[in-house]
Amino acid sequence: MNIGAHYNYWVAIFLMMTGFYVVITHGNLIKKLIGLNLFTTSVFILYISMAKVKGGTAPIIAPGIEVYSNPLPHVLILTAIVVGVATTAVGLALVLLIYDRYGTIEEDEISLKDDAL
Amino acid sequence: MELIIDITLLTFLGITALAINRIDKLFCVIMLSGIYSLLCASLFVTMDAVDVAFTEAAVGTGIATVLLLSTIGATDTQQRSAPRRPLFALLVVCATGAILIYGTMDMPAFGDPDAPIHQHVAPRYLQESQQEIGSDNIVTSILSSYRGFDTLGETVVIFTAGLSVVGLIGFRGMQKFGDRQRAAGITQDDMGKHLVLRIVIKMFIPLILLFALYVQFHGDFGPGGGFQAGVIFASGFIFYTLMFGLDAAMRVVSPRTLSYIAALGVLIYGGVGVATLLMGGNFLDYNVLRSNPLQGQHLGIFLIELGVGTTVFSIMVLIFFAFSSRKGLRQ
């Protein structure tokens with residue numbers, strides 16, 4: 001089996017799992033959001049890897065070029081990136097509010113303060 | 001050669017992700033996530049996704065990093081708790097990863113031109129979009145014409161996210177912001193000492209704005225379009241704010257004006273759709289805008305890219321203003 005054939009997919013899965021691990025083990029809310037970003041980006045890499053055609057070039061029509069990569073995943077991911085940062089900003093805004101209320105961004109300290117109420 | 005670059009970049013990405021997991025200092029983690037985005041952008045270039053690379057470089061390394069930095073500036077810069085139940089989590093992650101890797105066994109090889117993904121609608125986009133839409137950049141054709149509905153939805157999502165951020169953390173005490181800063185003994189002169197930075201940034205800002213306009217209006221022919229242009233234009237403003245302070249930036253464009261501009265962008269987009277309906281076509285069917293369908297497509301794409309660009313620009317600046325006014329208040 002050729003390693004190059006699936007290497008991209010495997011690394012995408014590795015990155016996705018690293019992001020997943022960061023989200024479930026770390027209690028720090030900002031680190032959780034960064035982990036979530038890792039997770040999202042791995043999906044982007046997976047999509048763009050599927051769009052690649054061997055020997056192809058960027059999907060911009062030019063004379064003398066026959067093979068282009070698939071433009072459809074590019075469109076989907078392009079918009080997903082901008083939507084992703086907008087939603088991350090909402091997450092960070094919630095982190096700021098939590099910090100205002102609890103004075104900390106660590107999950108276990110927050111639940112301790114909740115229990116004390 | 002391409003394969004070697006591909007494998008090297010992917011390996012670097014893996015190492016960066018592991019470092020992000022291990023390091024406790026949030027500042028380092030954020031810088032690493034910026035590097036991670038830049039590596040991603042390079043990887044996208046090697047895989048021919050130039051438009052995506054453009055967006056990732058502007059958004060991931062630029063805006064996302066600045067937003068994360070303003071958040072740690074207003075909260076905490078250190079992770080204070082150890083990972084919880086790391087062994088159990090590792091088990092879960094490994095099991096999930098193994099299942100996913102088992103799933104990839106059925107996938108076609110990387111770069112295979114006969115893969116199912118290249119058979120369905122993609123050939124039509126590649127072969128006929130130039131006759132149907134008239135734009136050299138196929139990504140732009142799909143984004144704004146074939147899949148205009150999607151893009152309208154995504155523009156509305158960005159608009160909504162911007163509204164949510166302002167609704168959540170808002171600009172409370174904004175009018176008093178300058179006074180508070182002076183009362184707290186913080187002046188904008190902190191950055192003013194960096195004379196070289198000031199002058200260089202002053203020279204750079206017009207170039208950044210000009211480049212954003214080029215990206216906006218050249219999207220039909222090369223990589224670029226409303227999303228990228230909006231983000232780059234916004235980064236010009238963010239640059240200015242970082243150097244000359246929030247007060248000065250808000251005198252250039254106030255949050256109220258920005259929210260009107262954001263709404264205007266969505267309105268332009270939806271308005272084009274309604275106009276095509278009134279002129280007897282389908283929603284967002286630009287062919288009816290002019291007597292010649294290709295000219296109609298050209299006009300339609302121009303207008304909706306303008307709508308996307310203005311919305312993305314104003315929402316990004318608005319979000320940044322909301323975050324940095326927060327930081328000023330805390331101090």
# chains A, B, ... in the order shown; residues from 1 in each chain; ligands from 1
>>> residues_around(residues="segment 85-101 of chain B", least_positions_apart="4", cutoff="10 Å", atoms="only C-alpha atoms", output="number ranges by chain")
A: 6, 9-26; B: 105-106
>>> write_last_selection(atoms="N, CA and C atoms", output="CSV table (one decimal), in the first residue's frame")
chain,number,residue,atom,x,y,z
A,6,HIS,N,-2.8,7.9,1.3
A,6,HIS,CA,-3.8,8.3,2.3
A,6,HIS,C,-3.1,9.1,3.4
A,9,TYR,N,-5.1,12.2,4.6
A,9,TYR,CA,-6.3,11.9,5.4
A,9,TYR,C,-5.9,11.5,6.9
A,10,TRP,N,-4.8,10.7,7.0
A,10,TRP,CA,-4.4,10.3,8.3
A,10,TRP,C,-4.0,11.4,9.1
A,11,VAL,N,-3.2,12.3,8.6
A,11,VAL,CA,-2.8,13.5,9.4
A,11,VAL,C,-4.0,14.3,9.7
A,12,ALA,N,-4.9,14.5,8.8
A,12,ALA,CA,-6.1,15.2,9.1
A,12,ALA,C,-6.8,14.6,10.3
A,13,ILE,N,-6.9,13.3,10.4
A,13,ILE,CA,-7.5,12.6,11.5
A,13,ILE,C,-6.7,12.8,12.8
A,14,PHE,N,-5.4,12.7,12.6
A,14,PHE,CA,-4.5,12.9,13.8
A,14,PHE,C,-4.8,14.3,14.4
A,15,LEU,N,-4.8,15.3,13.5
A,15,LEU,CA,-5.0,16.7,14.0
A,15,LEU,C,-6.4,16.8,14.7
A,16,MET,N,-7.4,16.2,14.0
A,16,MET,CA,-8.8,16.2,14.6
A,16,MET,C,-8.8,15.6,16.0
A,17,MET,N,-8.1,14.5,16.1
A,17,MET,CA,-8.1,13.8,17.4
A,17,MET,C,-7.3,14.6,18.5
A,18,THR,N,-6.2,15.3,18.0
A,18,THR,CA,-5.5,16.2,19.0
A,18,THR,C,-6.4,17.3,19.5
A,19,GLY,N,-7.1,17.9,18.5
A,19,GLY,CA,-8.1,18.9,18.9
A,19,GLY,C,-9.1,18.4,19.9
A,20,PHE,N,-9.6,17.2,19.6
A,20,PHE,CA,-10.6,16.6,20.4
A,20,PHE,C,-10.1,16.3,21.9
A,21,TYR,N,-8.8,15.9,21.9
A,21,TYR,CA,-8.1,15.6,23.2
A,21,TYR,C,-8.0,16.9,24.0
A,22,VAL,N,-7.6,18.0,23.3
A,22,VAL,CA,-7.4,19.3,24.0
A,22,VAL,C,-8.8,19.7,24.5
A,23,VAL,N,-9.9,19.5,23.8
A,23,VAL,CA,-11.2,20.0,24.2
A,23,VAL,C,-11.6,19.2,25.4
A,24,ILE,N,-11.4,17.9,25.5
A,24,ILE,CA,-12.0,17.1,26.6
A,24,ILE,C,-11.1,17.1,27.8
A,25,THR,N,-9.7,17.3,27.7
A,25,THR,CA,-8.9,17.2,28.9
A,25,THR,C,-8.6,18.5,29.5
A,26,HIS,N,-8.5,19.6,28.8
A,26,HIS,CA,-8.1,20.8,29.4
A,26,HIS,C,-9.3,21.6,29.9
B,105,MET,N,-9.8,3.8,4.7
B,105,MET,CA,-9.3,2.7,3.8
B,105,MET,C,-10.1,2.6,2.5
B,106,ASP,N,-11.4,3.0,2.6
B,106,ASP,CA,-12.3,2.9,1.4
B,106,ASP,C,-12.2,4.1,0.5
>>> closest_atom_pairs(of="chain B", to="chain A", cutoff="6 Å", atoms="only C-alpha atoms", output="tab-separated table")
residue	atom	partner	partner_atom	distance
B:Asn21	CA	A:Val22	CA	6.0
B:Met47	CA	A:Lys52	CA	5.7
B:Asp48	CA	A:Ala58	CA	4.4
B:Val52	CA	A:Leu78	CA	4.9
B:Gln79	CA	A:Asn28	CA	5.9
B:Pro83	CA	A:His26	CA	4.9
B:Arg84	CA	A:Thr25	CA	4.9
B:Val93	CA	A:Met17	CA	5.8
B:Ala109	CA	A:Ala5	CA	4.6
B:Phe110	CA	A:Ala5	CA	4.9
B:Gly111	CA	A:Val53	CA	4.2
B:Asp112	CA	A:Val53	CA	6.0
B:Pro113	CA	A:Val53	CA	5.4
B:Asp136	CA	A:Ile61	CA	5.0
B:Asn137	CA	A:Ile60	CA	4.3
B:Ile138	CA	A:Ile60	CA	5.8
B:Val139	CA	A:Pro71	CA	5.6
B:Leu143	CA	A:Val75	CA	5.8
B:Ile158	CA	A:Val83	CA	5.8
B:Ala161	CA	A:Ala86	CA	5.7
B:Val165	CA	A:Val90	CA	5.3
>>> atom_distance(atom1="atom CA of Leu10 of chain B", atom2="atom CA of Cys40 of chain B")
8.4 Å
>>> atom_distance(atom1="atom CA of Pro255 of chain B", atom2="atom CA of Val166 of chain B")
9.7 Å
>>> atom_distance(atom1="atom CA of Leu163 of chain B", atom2="atom CA of Ser259 of chain B")
8.5 Å
>>> residues_around(residues="Ile208 of chain B", least_positions_apart="5", cutoff="9 Å", atoms="only C-alpha atoms", output="MDAnalysis selection string")
chainID B and resid 213 232:233 235:236
>>> write_last_selection(atoms="N, CA and C atoms", output="PDB file, in the first residue's frame")
ATOM      1  N   LEU B 213      -8.934  46.443  -1.837  1.00  0.00           N
ATOM      2  CA  LEU B 213      -9.826  46.830  -2.934  1.00  0.00           C
ATOM      3  C   LEU B 213      -9.489  46.038  -4.194  1.00  0.00           C
ATOM      4  N   ILE B 232      -9.169  41.611   4.822  1.00  0.00           N
ATOM      5  CA  ILE B 232      -7.931  42.397   4.676  1.00  0.00           C
ATOM      6  C   ILE B 232      -8.194  43.867   4.977  1.00  0.00           C
ATOM      7  N   PHE B 233      -9.334  44.379   4.499  1.00  0.00           N
ATOM      8  CA  PHE B 233      -9.688  45.774   4.777  1.00  0.00           C
ATOM      9  C   PHE B 233      -9.815  45.983   6.290  1.00  0.00           C
ATOM     10  N   SER B 235      -8.294  44.272   8.565  1.00  0.00           N
ATOM     11  CA  SER B 235      -7.004  44.193   9.250  1.00  0.00           C
ATOM     12  C   SER B 235      -6.253  45.526   9.135  1.00  0.00           C
ATOM     13  N   GLY B 236      -6.504  46.286   8.066  1.00  0.00           N
ATOM     14  CA  GLY B 236      -5.946  47.629   8.000  1.00  0.00           C
ATOM     15  C   GLY B 236      -6.413  48.473   9.175  1.00  0.00           C
TER      16      GLY B 236
END
